[in-house]
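The structure appears below as structure tokens.
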Amino acid sequence: MSPKATRSLGLALAISAAATSVHAQDKGSVHLAYVEWSSTVASTNVVRAVLEQAGYEVETSALSAAAMWQSVASGDADALLAGWLPTTHEDYYARLQDQLVDAGVNLDGTKLGLAVPADSEVDSIDELNEHADQFNGEIIGIDPGAGLMRLTEEVVDTYELDLDLRTGSGATMTAALGSAIDRGEPIVVTTWTPHWMFARWDLKYLEDPQGVYGGAEQIHTIVRQGLEEDMPEAYAILENFEWTTEMMGEVMLMNQEDDTDPYENAQKWVEDNQDVVKEWLGEA
């Protein structure tokens with residue numbers, strides 16, 4: 001290529017980049033709130049990458065579950081991708097639904113419960129008391145504001161369990177689980193599907209004869225009131241966003257690699273799955 005042609009190409013690319021930047025600024029910024037669960041980290045970063053592909057600037061905020069819902073209801077954030085309904089987040093939704101818009105289901109086929117290593121002799125929640133000493137008299141939980149923890153408190157009461165529910169976070173729960181499995185020790189943890197732990201370790205859910213955890217749930221996209229009017233294209237993308245547990249699992253496993261960045265992994269997944277992304281963008 002001649003020097004003149006090279007300069008012309010460079011100028012054209014610079015103009016294109018500048019136009020793209022202005023276009024993104026014209027479209028505005030979308031603020032996504034999320035809770036640091038592996039599933040939500042995956043979905044939030046993927047949606048961030050898709051919105052950026054559409055020309056939006058995107059801000060993300062990691063919050064507790066309660067603060068995440070409140071931030072969208074108050075309009076401080078535009079959307080959340082982690083509305084577990086009808087059971088896990090029913091309290092938040094019941095209290096705030098008049099200030100929110102349900103933009104639809106983004107993932108179907110979720111599950112909540114207690115899990116143990118697959119080789120455990122315990123198969124049901126109502127058997128835990130017989131083996132409480134094996135588990136050091138405790139259930140390893142996650143952050144105290146999570147709906148899963150509220151339900152697990154009900155489980156402890158309903159089954160009159162002699163085990164204490166220990167609070168922590170998703171990260172501390174999986175760290176404790178991994179350490180116990182490495183040592184070959186029994187452990188019982190609060191968990192949910194989709195989660196990468198089921199791909200990494202051989203686990204099983206404990207049966208819930210009383211049905212406290214309920215049946216399968218769906219994860220909903222929840223947005224602030226007025227978003228559709230303010231940014232109709234961004235709202236349409238959020239409304240169109242729907243994927244499978246297998247797709248989410250791919251991203252979650254990528255995020256478990258050492259020295260990895262969830263946002264960069266999401267960008268790569270979006271780049272490699274443009275056929276799906278175009279459906280979300282309304283370009284199919």
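Ordering of the structure tokens sets the chain letters (A, B, ...), residue numbers begin anew at 1 in every chain, and ligands are numbered from 1 in the order given.
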| said: With only C-alpha atoms as the counted atoms, please give the residues lying no more than 8 Å from Glu153 of chain A, apart from itself and same-chain residues fewer than 4 positions off, as a ChimeraX atom specification. | reply: /A:149,157,165
Residue subset to file, keeping C-alpha atoms, as a PDB file, in the first residue's frame:
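result-v3.pdb, freshly written:
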```
ATOM      1  CA  MET A 149     -30.495 -17.075  52.961  1.00  0.00           C
ATOM      2  CA  ASP A 157     -36.945 -23.600  61.365  1.00  0.00           C
ATOM      3  CA  LEU A 165     -26.532 -21.076  59.188  1.00  0.00           C
TER       4      LEU A 165
END
```
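Using only C-alpha atoms, the shortest contact distance between Asp162 of chain A and any of A:Ile219, A:Val116, A:Ile125, A:Met248 is found at A:Ile125.
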Sort by chain and increasing residue number a table of all residues of segment 118-235 of chain A within 12 Å of segment 50-53 of chain A, each with its closest pair of atoms and their distance in Å to one decimal, counting only C-alpha atoms, and write it as JSON lines.
```
{"residue": "A:Met231", "atom": "CA", "partner": "A:Leu51", "partner_atom": "CA", "distance": 11.6}
{"residue": "A:Glu233", "atom": "CA", "partner": "A:Leu51", "partner_atom": "CA", "distance": 9.5}
{"residue": "A:Ala234", "atom": "CA", "partner": "A:Leu51", "partner_atom": "CA", "distance": 7.0}
{"residue": "A:Tyr235", "atom": "CA", "partner": "A:Leu51", "partner_atom": "CA", "distance": 10.1}
```
Could you dump the residues just selected with C-alpha atoms as a PDB file, in the first residue's frame?
```pdb
ATOM      1  CA  MET A 231     -33.663   5.061  25.956  1.00  0.00           C
ATOM      2  CA  GLU A 233     -33.176   1.047  22.063  1.00  0.00           C
ATOM      3  CA  ALA A 234     -31.375   0.165  25.309  1.00  0.00           C
ATOM      4  CA  TYR A 235     -34.674  -0.970  26.789  1.00  0.00           C
TER       5      TYR A 235
END
```
| request: Find the residues around Gly83 of chain A up to 7 Å (only C-alpha atoms counted), leave out those fewer than 4 positions away in its own chain, and share them as number ranges by chain. | output: A: 89, 219-222
With N, CA, C and O atoms retained, export the selected residues as a PDB file, in the first residue's frame.
```pdb
ATOM      1  N   HIS A  89     -36.576 -13.577  45.395  1.00  0.00           N
ATOM      2  CA  HIS A  89     -36.633 -12.124  45.580  1.00  0.00           C
ATOM      3  C   HIS A  89     -38.073 -11.626  45.727  1.00  0.00           C
ATOM      4  O   HIS A  89     -38.341 -10.453  45.462  1.00  0.00           O
ATOM      5  N   ILE A 219     -35.039 -16.140  36.110  1.00  0.00           N
ATOM      6  CA  ILE A 219     -34.320 -14.898  36.387  1.00  0.00           C
ATOM      7  C   ILE A 219     -34.851 -13.825  35.452  1.00  0.00           C
ATOM      8  O   ILE A 219     -34.877 -14.003  34.231  1.00  0.00           O
ATOM      9  N   HIS A 220     -35.303 -12.722  36.040  1.00  0.00           N
ATOM     10  CA  HIS A 220     -35.928 -11.640  35.284  1.00  0.00           C
ATOM     11  C   HIS A 220     -34.995 -10.440  35.157  1.00  0.00           C
ATOM     12  O   HIS A 220     -34.156 -10.186  36.025  1.00  0.00           O
ATOM     13  N   THR A 221     -35.172  -9.698  34.075  1.00  0.00           N
ATOM     14  CA  THR A 221     -34.536  -8.398  33.902  1.00  0.00           C
ATOM     15  C   THR A 221     -35.493  -7.335  34.429  1.00  0.00           C
ATOM     16  O   THR A 221     -36.640  -7.259  33.982  1.00  0.00           O
ATOM     17  N   ILE A 222     -35.036  -6.555  35.376  1.00  0.00           N
ATOM     18  CA  ILE A 222     -35.859  -5.529  36.014  1.00  0.00           C
ATOM     19  C   ILE A 222     -35.253  -4.163  35.701  1.00  0.00           C
ATOM     20  O   ILE A 222     -34.045  -3.961  35.872  1.00  0.00           O
TER      21      ILE A 222
END
```
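When the distance limit is 9 Å and only C-alpha atoms are what count, the residues near Ser64 of chain A, minus those fewer than 2 positions from it on the same chain, are A:Tyr34, A:Val35, A:Glu36, A:Ala62, A:Ala66, A:Ala67, A:Met68, A:Trp69, A:Asp143, A:Pro144, A:Gly145, A:Ala146.
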| Nearest to Glu90 of chain A among A:Asp76, A:Glu217, A:Asp202, A:Glu246, with distances taken over only C-alpha atoms: which residue is it? | A:Glu217
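For the set A:Glu257, A:Asp208, A:Glu250, A:Glu239, the residue with the smallest atom-to-atom gap to Val47 of chain A is A:Glu239, counting only C-alpha atoms.
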| request: Go through A:Asp119, A:Val189, A:Met252, A:Arg48 and flag the residue nearest Val270 of chain A, using only C-alpha atoms for the distances. | output: A:Arg48
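Distance check against Glu154 of chain A using only C-alpha atoms: of A:Trp192, A:Tyr93, A:Tyr213, A:Phe135, the minimum falls on A:Tyr213.
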Please identify all polymer residues within 10 Å of Tyr263 of chain A, counting only C-alpha atoms, omitting same-chain residues fewer than 2 positions from it, and present them as an mmCIF file with N, CA, C and O atoms, in the first residue's frame.
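The result, stored in selection-v5.cif:
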```cif
data_model
loop_
_atom_site.group_PDB
_atom_site.id
_atom_site.type_symbol
_atom_site.label_atom_id
_atom_site.label_comp_id
_atom_site.auth_asym_id
_atom_site.auth_seq_id
_atom_site.Cartn_x
_atom_site.Cartn_y
_atom_site.Cartn_z
ATOM 1 N N VAL A 41 -22.618 -11.946 37.718
ATOM 2 C CA VAL A 41 -21.409 -11.351 37.147
ATOM 3 C C VAL A 41 -21.331 -11.689 35.657
ATOM 4 O O VAL A 41 -21.015 -10.834 34.819
ATOM 5 N N ALA A 42 -21.660 -12.943 35.317
ATOM 6 C CA ALA A 42 -21.626 -13.363 33.918
ATOM 7 C C ALA A 42 -22.649 -12.599 33.081
ATOM 8 O O ALA A 42 -22.311 -12.022 32.035
ATOM 9 N N THR A 44 -24.329 -9.794 33.714
ATOM 10 C CA THR A 44 -24.159 -8.340 33.703
ATOM 11 C C THR A 44 -23.047 -7.922 32.752
ATOM 12 O O THR A 44 -23.189 -6.946 31.994
ATOM 13 N N ASN A 45 -21.938 -8.638 32.765
ATOM 14 C CA ASN A 45 -20.834 -8.282 31.878
ATOM 15 C C ASN A 45 -21.156 -8.564 30.414
ATOM 16 O O ASN A 45 -20.742 -7.812 29.522
ATOM 17 N N VAL A 46 -21.901 -9.628 30.146
ATOM 18 C CA VAL A 46 -22.308 -9.907 28.767
ATOM 19 C C VAL A 46 -23.231 -8.803 28.258
ATOM 20 O O VAL A 46 -23.058 -8.288 27.149
ATOM 21 N N ARG A 48 -23.401 -5.783 29.384
ATOM 22 C CA ARG A 48 -22.564 -4.588 29.243
ATOM 23 C C ARG A 48 -21.872 -4.579 27.877
ATOM 24 O O ARG A 48 -21.898 -3.565 27.159
ATOM 25 N N ALA A 49 -21.272 -5.705 27.509
ATOM 26 C CA ALA A 49 -20.561 -5.780 26.233
ATOM 27 C C ALA A 49 -21.515 -5.592 25.051
ATOM 28 O O ALA A 49 -21.167 -4.957 24.049
ATOM 29 N N ASN A 255 -14.790 -17.460 33.751
ATOM 30 C CA ASN A 255 -14.496 -16.536 34.845
ATOM 31 C C ASN A 255 -13.766 -17.196 36.006
ATOM 32 O O ASN A 255 -13.265 -16.497 36.896
ATOM 33 N N THR A 260 -8.050 -14.079 35.342
ATOM 34 C CA THR A 260 -9.001 -13.777 34.272
ATOM 35 C C THR A 260 -9.845 -12.574 34.651
ATOM 36 O O THR A 260 -9.996 -12.245 35.835
ATOM 37 N N ASP A 261 -10.403 -11.912 33.658
ATOM 38 C CA ASP A 261 -11.233 -10.733 33.885
ATOM 39 C C ASP A 261 -12.625 -10.986 33.326
ATOM 40 O O ASP A 261 -12.767 -11.244 32.123
ATOM 41 N N ASN A 265 -13.775 -11.596 29.423
ATOM 42 C CA ASN A 265 -14.378 -12.874 29.033
ATOM 43 C C ASN A 265 -15.727 -12.652 28.360
ATOM 44 O O ASN A 265 -16.066 -13.319 27.378
ATOM 45 N N ALA A 266 -16.499 -11.713 28.895
ATOM 46 C CA ALA A 266 -17.800 -11.400 28.301
ATOM 47 C C ALA A 266 -17.633 -10.830 26.896
ATOM 48 O O ALA A 266 -18.380 -11.192 25.974
ATOM 49 N N GLN A 267 -16.662 -9.960 26.732
ATOM 50 C CA GLN A 267 -16.399 -9.401 25.409
ATOM 51 C C GLN A 267 -16.047 -10.501 24.410
ATOM 52 O O GLN A 267 -16.519 -10.483 23.259
ATOM 53 N N LYS A 268 -15.226 -11.458 24.838
ATOM 54 C CA LYS A 268 -14.843 -12.558 23.954
ATOM 55 C C LYS A 268 -16.055 -13.418 23.615
ATOM 56 O O LYS A 268 -16.248 -13.816 22.462
ATOM 57 N N TRP A 269 -16.891 -13.708 24.636
ATOM 58 C CA TRP A 269 -18.077 -14.540 24.391
ATOM 59 C C TRP A 269 -19.015 -13.833 23.413
ATOM 60 O O TRP A 269 -19.561 -14.458 22.496
#
```
| Residues of segment 19-204 of chain A in alpha helix (DSSP H) according to DSSP, as number ranges by chain? | A: 19-27, 38-53, 65-74, 90-96, 147-158, 170-183, 197-200
| message | Please return, as an MDAnalysis selection string, all residues of segment 52-198 of chain A that DSSP assigns to strand (DSSP E or B) on the basis of the backbone. | response | chainID A and resid 57:62 79:85 100:117 124 138:140 164:166 189:193
Excluding Thr60 of chain A and its own-chain neighbours fewer than 4 positions away, which residues fall within 7 Å of it when counting only C-alpha atoms? Please give them as a PDB file with N, CA, C and O atoms, in the first residue's frame.
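Everything below was put into selection_35.pdb:
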```pdb
ATOM      1  N   HIS A  31     -26.699   2.336  33.349  1.00  0.00           N
ATOM      2  CA  HIS A  31     -26.119   1.939  34.634  1.00  0.00           C
ATOM      3  C   HIS A  31     -26.748   0.615  35.062  1.00  0.00           C
ATOM      4  O   HIS A  31     -27.955   0.543  35.296  1.00  0.00           O
ATOM      5  N   LEU A  32     -25.929  -0.443  35.163  1.00  0.00           N
ATOM      6  CA  LEU A  32     -26.392  -1.762  35.567  1.00  0.00           C
ATOM      7  C   LEU A  32     -25.951  -2.051  37.002  1.00  0.00           C
ATOM      8  O   LEU A  32     -24.773  -1.931  37.340  1.00  0.00           O
ATOM      9  N   ALA A  33     -26.899  -2.427  37.840  1.00  0.00           N
ATOM     10  CA  ALA A  33     -26.589  -2.832  39.212  1.00  0.00           C
ATOM     11  C   ALA A  33     -26.560  -4.355  39.267  1.00  0.00           C
ATOM     12  O   ALA A  33     -27.339  -5.027  38.586  1.00  0.00           O
TER      13      ALA A  33
END
```
| Which distance in Å separates atom CA of Ile142 of chain A and atom CA of Ala82 of chain A, to one decimal? | 15.7 Å
| message | Using only C-alpha atoms for the distances, tell me which of A:Leu96, A:Leu238, A:Leu163, A:Ala180 is nearest to Leu80 of chain A. | response | A:Leu238
